[in-house]
$ cat model.cif   # mmCIF, C-alpha atoms and all ligand atoms
data_final
#
loop_
_atom_site.label_atom_id
_atom_site.label_comp_id
_atom_site.auth_asym_id
_atom_site.auth_seq_id
_atom_site.Cartn_x
_atom_site.Cartn_y
_atom_site.Cartn_z
CA MET A 1 -65.01 -11.53 -49.21
CA ASN A 2 -67.51 -13.97 -50.69
CA ILE A 3 -66.29 -16.70 -53.02
CA ILE A 4 -68.13 -19.35 -54.99
CA PHE A 5 -66.53 -22.68 -55.89
CA ILE A 6 -68.02 -24.25 -58.98
CA ALA A 7 -66.62 -27.67 -59.79
CA PRO A 8 -67.58 -31.19 -60.73
CA PRO A 9 -67.96 -33.69 -57.90
CA ALA A 10 -64.71 -34.66 -56.17
CA ALA A 11 -62.72 -31.86 -57.82
CA GLY A 12 -61.57 -30.67 -54.40
CA LYS A 13 -64.05 -27.95 -53.37
CA GLY A 14 -64.26 -29.12 -49.76
CA THR A 15 -60.50 -29.62 -49.50
CA GLN A 16 -59.68 -26.15 -50.80
CA ALA A 17 -62.50 -24.45 -48.89
CA SER A 18 -61.25 -25.80 -45.57
CA LEU A 19 -57.75 -24.44 -46.29
CA LEU A 20 -59.17 -20.98 -47.07
CA LYS A 21 -61.40 -21.16 -43.99
CA GLU A 22 -58.43 -21.91 -41.76
CA GLU A 23 -56.13 -19.23 -43.17
CA PHE A 24 -58.61 -16.40 -43.72
CA GLY A 25 -61.44 -16.95 -41.24
CA LEU A 26 -64.06 -17.43 -43.95
CA TYR A 27 -67.26 -19.39 -43.30
CA HIS A 28 -67.32 -22.65 -45.29
CA LEU A 29 -70.87 -23.21 -46.44
CA SER A 30 -71.10 -26.63 -48.10
CA THR A 31 -74.64 -27.36 -49.26
CA GLY A 32 -73.71 -31.05 -49.60
CA ASP A 33 -72.69 -31.18 -45.91
CA LEU A 34 -75.84 -29.28 -44.96
CA LEU A 35 -78.04 -31.75 -46.86
CA ARG A 36 -76.19 -34.79 -45.46
CA GLU A 37 -76.86 -33.51 -41.92
CA ILE A 38 -80.58 -33.33 -42.67
CA ALA A 39 -80.52 -36.69 -44.50
CA ALA A 40 -79.10 -38.31 -41.36
CA THR A 41 -82.20 -37.32 -39.35
CA ASN A 42 -85.07 -39.78 -39.30
CA THR A 43 -87.58 -37.31 -40.72
CA GLU A 44 -89.69 -37.24 -43.89
CA ILE A 45 -87.61 -34.45 -45.36
CA GLY A 46 -84.42 -36.28 -44.35
CA LYS A 47 -85.55 -39.41 -46.21
CA GLU A 48 -86.54 -37.39 -49.27
CA ILE A 49 -83.16 -35.65 -49.39
CA LYS A 50 -81.26 -38.91 -48.86
CA ASN A 51 -83.06 -40.50 -51.77
CA LEU A 52 -82.11 -37.62 -54.09
CA ILE A 53 -78.47 -37.50 -52.98
CA ASP A 54 -78.12 -41.28 -53.32
CA ASN A 55 -79.29 -41.08 -56.90
CA GLY A 56 -77.04 -38.17 -57.81
CA LEU A 57 -80.05 -35.87 -58.27
CA PHE A 58 -80.46 -32.29 -57.12
CA VAL A 59 -82.70 -31.10 -54.30
CA SER A 60 -85.25 -28.62 -55.71
CA ASP A 61 -84.02 -25.05 -56.14
CA GLU A 62 -86.72 -23.72 -53.80
CA LEU A 63 -85.94 -26.08 -50.91
CA MET A 64 -82.19 -25.67 -51.37
CA PHE A 65 -82.50 -21.90 -51.34
CA ARG A 66 -84.65 -21.89 -48.17
CA LEU A 67 -82.06 -24.03 -46.38
CA LEU A 68 -79.22 -21.84 -47.61
CA GLU A 69 -80.93 -18.59 -46.61
CA SER A 70 -81.60 -19.89 -43.12
CA LYS A 71 -77.98 -21.08 -42.78
CA ILE A 72 -76.63 -17.69 -43.87
CA SER A 73 -78.81 -15.86 -41.37
CA SER A 74 -77.43 -18.06 -38.57
CA ILE A 75 -73.78 -17.21 -39.31
CA LYS A 76 -72.56 -15.06 -36.45
CA LYS A 77 -69.16 -13.72 -37.42
CA SER A 78 -66.91 -14.39 -40.39
CA ASN A 79 -64.76 -12.56 -42.92
CA GLY A 80 -67.06 -13.76 -45.68
CA ILE A 81 -68.51 -16.95 -47.09
CA ILE A 82 -67.11 -19.69 -49.30
CA PHE A 83 -70.07 -21.12 -51.21
CA ASP A 84 -69.17 -24.78 -51.82
CA GLY A 85 -71.80 -26.47 -54.00
CA PHE A 86 -74.16 -23.52 -54.37
CA PRO A 87 -75.33 -22.32 -56.82
CA ARG A 88 -75.70 -25.43 -58.98
CA THR A 89 -78.34 -24.19 -61.43
CA LEU A 90 -79.01 -20.88 -63.19
CA LYS A 91 -82.12 -20.43 -61.05
CA GLN A 92 -80.06 -20.82 -57.86
CA ALA A 93 -77.55 -18.28 -59.21
CA SER A 94 -80.22 -15.64 -59.71
CA MET A 95 -81.73 -16.41 -56.29
CA LEU A 96 -78.28 -15.88 -54.75
CA ASP A 97 -77.84 -12.58 -56.62
CA GLU A 98 -81.14 -11.34 -55.19
CA LEU A 99 -80.23 -12.43 -51.67
CA MET A 100 -76.85 -10.74 -51.86
CA GLU A 101 -78.45 -7.52 -53.05
CA LYS A 102 -81.03 -7.68 -50.26
CA ASN A 103 -78.19 -8.11 -47.73
CA ASN A 104 -76.13 -5.26 -49.29
CA ASP A 105 -73.44 -7.78 -50.07
CA LYS A 106 -71.88 -9.22 -53.23
CA ILE A 107 -70.03 -12.17 -54.71
CA ASP A 108 -66.39 -11.14 -55.10
CA HIS A 109 -65.10 -14.03 -57.16
CA VAL A 110 -66.00 -17.38 -58.67
CA ILE A 111 -63.41 -20.14 -58.90
CA PHE A 112 -64.08 -22.90 -61.42
CA LEU A 113 -62.08 -26.01 -60.52
CA ASP A 114 -61.81 -28.07 -63.68
CA ILE A 115 -61.28 -31.84 -63.61
CA GLU A 116 -61.79 -34.82 -65.94
CA LYS A 117 -64.31 -37.50 -65.02
CA GLU A 118 -61.71 -40.26 -64.80
CA VAL A 119 -59.51 -38.34 -62.36
CA ALA A 120 -62.54 -37.26 -60.32
CA THR A 121 -63.80 -40.87 -60.11
CA LYS A 122 -60.51 -42.03 -58.58
CA ARG A 123 -60.65 -39.18 -56.06
CA ALA A 124 -64.26 -39.98 -55.09
CA THR A 125 -63.81 -43.72 -54.73
CA GLY A 126 -60.75 -43.16 -52.52
CA ARG A 127 -62.30 -40.45 -50.35
CA VAL A 128 -62.71 -40.96 -46.61
CA SER A 129 -63.75 -38.25 -44.19
CA CYS A 130 -63.97 -37.65 -40.47
CA ASN A 131 -67.49 -37.19 -39.12
CA ASN A 132 -66.09 -35.48 -36.05
CA CYS A 133 -63.81 -32.72 -37.40
CA GLY A 134 -64.73 -32.83 -41.10
CA SER A 135 -61.20 -33.52 -42.38
CA ILE A 136 -61.13 -35.04 -45.87
CA TYR A 137 -58.57 -37.65 -46.94
CA ASN A 138 -57.90 -40.05 -49.76
CA ILE A 139 -56.81 -43.64 -49.31
CA TYR A 140 -54.81 -43.53 -52.57
CA PHE A 141 -52.92 -40.30 -51.91
CA ASP A 142 -52.68 -39.73 -48.15
CA SER A 143 -50.82 -41.56 -45.42
CA PHE A 144 -52.39 -42.29 -42.06
CA ILE A 145 -50.93 -42.33 -38.55
CA GLU A 146 -53.36 -45.11 -37.68
CA ASP A 147 -55.36 -47.03 -40.32
CA GLY A 148 -58.99 -45.85 -40.59
CA LYS A 149 -58.48 -42.99 -38.10
CA CYS A 150 -58.36 -39.24 -38.61
CA ASN A 151 -54.80 -37.83 -38.44
CA LYS A 152 -56.11 -34.70 -36.69
CA CYS A 153 -58.53 -35.97 -34.04
CA GLY A 154 -58.15 -39.77 -34.06
CA CYS A 155 -61.86 -40.42 -34.79
CA ALA A 156 -63.07 -43.04 -37.27
CA LEU A 157 -63.01 -42.24 -40.98
CA THR A 158 -66.02 -43.11 -43.13
CA LYS A 159 -66.86 -43.31 -46.83
CA ARG A 160 -69.75 -41.33 -48.30
CA GLU A 161 -72.65 -43.46 -49.51
CA ASP A 162 -72.75 -41.60 -52.83
CA ASP A 163 -69.10 -42.36 -53.61
CA THR A 164 -69.64 -45.69 -55.40
CA ILE A 165 -68.60 -45.74 -59.08
CA GLU A 166 -72.21 -45.86 -60.31
CA LYS A 167 -73.59 -43.14 -58.03
CA PHE A 168 -70.59 -40.97 -58.69
CA SER A 169 -71.06 -41.31 -62.42
CA ASN A 170 -74.68 -40.11 -62.09
CA ARG A 171 -73.59 -37.15 -59.97
CA PHE A 172 -70.95 -36.18 -62.48
CA ASP A 173 -73.40 -36.36 -65.39
CA THR A 174 -76.01 -34.30 -63.49
CA TYR A 175 -73.34 -31.68 -62.89
CA MET A 176 -72.39 -31.52 -66.59
CA GLU A 177 -76.01 -31.01 -67.57
CA LYS A 178 -77.26 -28.64 -64.88
CA THR A 179 -74.23 -26.77 -63.56
CA MET A 180 -72.01 -26.17 -66.61
CA PRO A 181 -74.25 -23.26 -67.83
CA LEU A 182 -73.11 -21.33 -64.74
CA ILE A 183 -69.64 -21.03 -66.23
CA SER A 184 -70.73 -18.57 -68.91
CA TYR A 185 -73.17 -16.89 -66.47
CA TYR A 186 -70.27 -15.86 -64.21
CA GLU A 187 -67.85 -15.33 -67.12
CA ASN A 188 -70.25 -12.72 -68.49
CA LYS A 189 -70.20 -10.97 -65.12
CA GLY A 190 -66.36 -10.91 -65.25
CA LEU A 191 -66.15 -12.88 -62.00
CA LEU A 192 -64.86 -16.29 -63.10
CA THR A 193 -61.39 -17.83 -63.13
CA LYS A 194 -60.71 -21.40 -64.21
CA ILE A 195 -58.11 -23.38 -62.30
CA SER A 196 -56.97 -26.84 -63.34
CA CYS A 197 -57.25 -29.53 -60.68
CA ASN A 198 -54.26 -31.43 -62.00
CA GLY A 199 -51.74 -30.90 -59.25
CA THR A 200 -51.29 -31.40 -55.55
CA LYS A 201 -53.69 -29.85 -53.03
CA GLU A 202 -50.94 -27.38 -52.09
CA GLU A 203 -50.27 -26.35 -55.72
CA ILE A 204 -53.97 -25.80 -56.35
CA TYR A 205 -54.32 -23.83 -53.12
CA ASP A 206 -51.42 -21.54 -54.15
CA ASN A 207 -53.08 -20.97 -57.54
CA ILE A 208 -56.38 -20.08 -55.85
CA LYS A 209 -54.67 -17.61 -53.54
CA SER A 210 -52.87 -15.87 -56.39
CA VAL A 211 -56.15 -15.53 -58.29
CA LEU A 212 -57.86 -14.06 -55.21
CA ARG A 213 -54.92 -11.69 -54.64
CA ARG A 214 -55.30 -10.39 -58.19
CA HIS A 215 -59.09 -10.03 -58.17
CA VAL A 216 -60.24 -9.56 -54.60
CA TRP A 217 -57.48 -8.37 -52.26
P1 LIG B 301 -71.65 -32.26 -52.49
O1 LIG B 301 -71.36 -32.78 -51.16
O2 LIG B 301 -71.39 -30.85 -52.79
O3 LIG B 301 -70.92 -33.19 -53.52
P2 LIG B 301 -70.18 -32.88 -54.88
O4 LIG B 301 -70.48 -31.64 -55.59
O5 LIG B 301 -70.44 -34.13 -55.63
O6 LIG B 301 -68.71 -32.65 -54.46
P3 LIG B 301 -67.90 -33.52 -53.50
O7 LIG B 301 -68.13 -33.13 -52.10
O8 LIG B 301 -68.06 -34.97 -53.89
O9 LIG B 301 -66.41 -33.16 -53.94
P4 LIG B 301 -65.46 -31.95 -53.54
O10 LIG B 301 -65.28 -31.12 -54.76
O11 LIG B 301 -65.87 -31.28 -52.28
O12 LIG B 301 -64.11 -32.76 -53.32
P5 LIG B 301 -63.25 -33.07 -51.98
O13 LIG B 301 -62.54 -31.85 -51.52
O14 LIG B 301 -64.05 -33.83 -51.01
O15 LIG B 301 -73.19 -32.56 -52.85
C1 LIG B 301 -73.74 -33.85 -52.64
C2 LIG B 301 -75.15 -33.92 -53.19
O16 LIG B 301 -75.99 -32.97 -52.50
C3 LIG B 301 -75.31 -33.54 -54.67
O17 LIG B 301 -75.04 -34.65 -55.50
C4 LIG B 301 -76.80 -33.14 -54.71
O18 LIG B 301 -77.61 -34.29 -54.67
C5 LIG B 301 -76.97 -32.42 -53.38
N1 LIG B 301 -76.74 -30.96 -53.48
C6 LIG B 301 -75.67 -30.27 -52.97
N2 LIG B 301 -75.77 -28.96 -53.24
C7 LIG B 301 -76.92 -28.80 -53.94
C8 LIG B 301 -77.55 -27.67 -54.53
N3 LIG B 301 -77.01 -26.45 -54.49
N4 LIG B 301 -78.73 -27.87 -55.16
C9 LIG B 301 -79.29 -29.09 -55.24
N5 LIG B 301 -78.74 -30.21 -54.71
C10 LIG B 301 -77.56 -30.06 -54.06
O19 LIG B 301 -62.12 -34.03 -52.62
C11 LIG B 301 -62.48 -35.29 -53.15
C12 LIG B 301 -61.36 -36.31 -52.89
O20 LIG B 301 -60.21 -35.92 -53.64
C13 LIG B 301 -60.89 -36.39 -51.42
O21 LIG B 301 -60.54 -37.70 -51.14
C14 LIG B 301 -59.64 -35.48 -51.38
O22 LIG B 301 -58.73 -35.86 -50.37
C15 LIG B 301 -59.08 -35.71 -52.79
N6 LIG B 301 -58.33 -34.57 -53.33
C16 LIG B 301 -58.68 -33.25 -53.27
N7 LIG B 301 -57.76 -32.50 -53.92
C17 LIG B 301 -56.84 -33.39 -54.43
C18 LIG B 301 -55.67 -33.24 -55.22
N8 LIG B 301 -55.24 -32.05 -55.64
N9 LIG B 301 -54.98 -34.36 -55.56
C19 LIG B 301 -55.41 -35.61 -55.16
N10 LIG B 301 -56.52 -35.79 -54.40
C20 LIG B 301 -57.21 -34.71 -54.06
MG MG B 302 -67.52 -31.56 -50.95
#

$ encode --input "model.cif" --output "structure tokens" --more "lines below"
Ligand code: AP5
Ligand code: MG
Amino acid sequence: MNIIFIAPPAAGKGTQASLLKEEFGLYHLSTGDLLREIAATNTEIGKEIKNLIDNGLFVSDELMFRLLESKISSIKKSNGIIFDGFPRTLKQASMLDELMEKNNDKIDHVIFLDIEKEVATKRATGRVSCNNCGSIYNIYFDSFIEDGKCNKCGCALTKREDDTIEKFSNRFDTYMEKTMPLISYYENKGLLTKISCNGTKEEIYDNIKSVLRRHVW
């Protein structure tokens, strides 16, 4: 089963993908996480990527696709892939279609998580995550066993550099311009379901599972 999450920044793609990964053994492929790993290296390409991410701009379709293709070919065993943050442009969508066809595979469903900018901004500015186990939290909505530490593994929690109000606003606007056209692209293929992000993580997760039960399982 291969699923795409399309959603504005901070809608909850990573949060929901990790729940699906845990329950169904899917591979969580977050292109944002992939790029942040490269950005953290002290290389030319790392610096270039960091500069783009920090300004809320997209990495070029060609580079993004090369990184994605190589990541997919390194996946050893999974029950399918959750694409979190890819595709983000129409060009990336058609590149993914071609890759799927080449691999005799297909996209089974596309979930569009819808959220307003104001709600998303609060989620982004309150986000903290664990660099060790990847758990995502929010200082406004979650409680912590120990302040600043991950509830699961006890490691330090950090804020993302692109989660300031200004950088977040740029990211959100880039999404509206470049990614929104994907909604009708996947609607026309009969693959898309829209789910509102107003609700708790658990409520949204239940809604996602009932959509997948209807369309995929
Ligand atoms: P990426 O890392 O994908 O960032 P994003 O799309 O901006 O999405 P986020 O990770 O910010 O949000 P999310 O939806 O995962 O939300 P989360 O679950 O964390 O990409 C970063 C950058 O990389 C891009 O800007 C671009 O530069 C580049 N890039 C990536 N992919 C690319 C591509 N394909 N092509 C070109 N460039 C690319 O949740 C957010 C917060 O909300 C958390 O604190 C969480 O605890 C909280 N939360 C979640 N659900 C709820 C809920 N129901 N109620 C209350 N709080 C909630
Ligand atoms: Mg994310």

$ residues_near_ligand --input "model.cif" --ligand "ligand MG 302 (chain B)" --cutoff "7 Å" --atoms "only C-alpha atoms and all ligand atoms" --output "list in words"
Ala10, Gly12, Lys13, Gly14, Ser30 and Gly32 of chain A

$ residues_around --input "model.cif" --residues "Asn103 in chain A" --least-positions-apart "5" --cutoff "12 Å" --atoms "all atoms listed in the file" --output "list in words"
Glu69, Ile72, Ser73, Leu96, Asp97 and Glu98 of chain A

$ residues_near_ligand --input "model.cif" --ligand "ligand LIG 301 (chain B)" --cutoff "7 Å" --atoms "all atoms listed in the file" --output "NGL selection string"
:A and (7-16 or 30-33 or 35 or 52-53 or 56-61 or 64 or 84-88 or 123-124 or 126-128 or 136-138 or 141 or 171 or 197-201 or 204)

$ closest_residue --input "model.cif" --among "A:Leu113, A:Leu20, A:Lys76, A:Ile45" --to "Met180 in chain A" --atoms "all atoms listed in the file"
A:Leu113

$ closest_residue --input "model.cif" --among "A:Asp108, A:Glu202, A:Glu37, A:Glu187" --to "Ile4 in chain A" --atoms "only C-alpha atoms"
A:Asp108

$ atom_distance --input "model.cif" --atom1 "CA of Lys47 in chain A" --atom2 "CA of Asp163 in chain A"
18.3 Å

$ atom_distance --input "model.cif" --atom1 "CA of Lys167 in chain A" --atom2 "CA of Thr125 in chain A"
10.3 Å

$ residues_around --input "model.cif" --residues "Tyr186 in chain A" --least-positions-apart "4" --cutoff "9 Å" --atoms "all atoms listed in the file" --output "JSON, numbers by chain"
{"A": [109, 110, 182, 190, 191, 192]}

$ closest_residue --input "model.cif" --among "A:Thr158, A:Ser196, A:Asn104, A:Ser143" --to "Ser129 in chain A" --atoms "only C-alpha atoms"
A:Thr158

$ residues_near_point --input "model.cif" --point "(-64.9, -24.0, -68.3)" --cutoff "9 Å" --atoms "only C-alpha atoms" --output "PyMOL selection string"
chain A and resi 112-114+180+183-184+193-194

$ closest_residue --input "model.cif" --among "A:Tyr27, A:Gly134, A:Asn51, A:Ile115" --to "Lys71 in chain A" --atoms "only C-alpha atoms"
A:Tyr27

$ atom_distance --input "model.cif" --atom1 "CA of Gly25 in chain A" --atom2 "CA of Asn79 in chain A"
5.8 Å

$ residues_around --input "model.cif" --residues "Cys153 in chain A" --least-positions-apart "4" --cutoff "12 Å" --atoms "only C-alpha atoms" --output "count of residues only"
13

$ closest_residue --input "model.cif" --among "A:Glu177, A:Thr121, A:Ile38, A:Ser94" --to "Leu67 in chain A" --atoms "all atoms listed in the file"
A:Ile38

$ closest_residue --input "model.cif" --among "A:Cys155, A:Ala40, A:Leu34, A:Leu63" --to "Met95 in chain A" --atoms "all atoms listed in the file"
A:Leu63

$ residues_around --input "model.cif" --residues "Trp217 in chain A" --least-positions-apart "2" --cutoff "12 Å" --atoms "all atoms listed in the file" --output "list of chain:residue names"
A:Met1, A:Asn2, A:Phe24, A:Asp108, A:His109, A:Lys209, A:Ser210, A:Val211, A:Leu212, A:Arg213, A:Arg214, A:His215
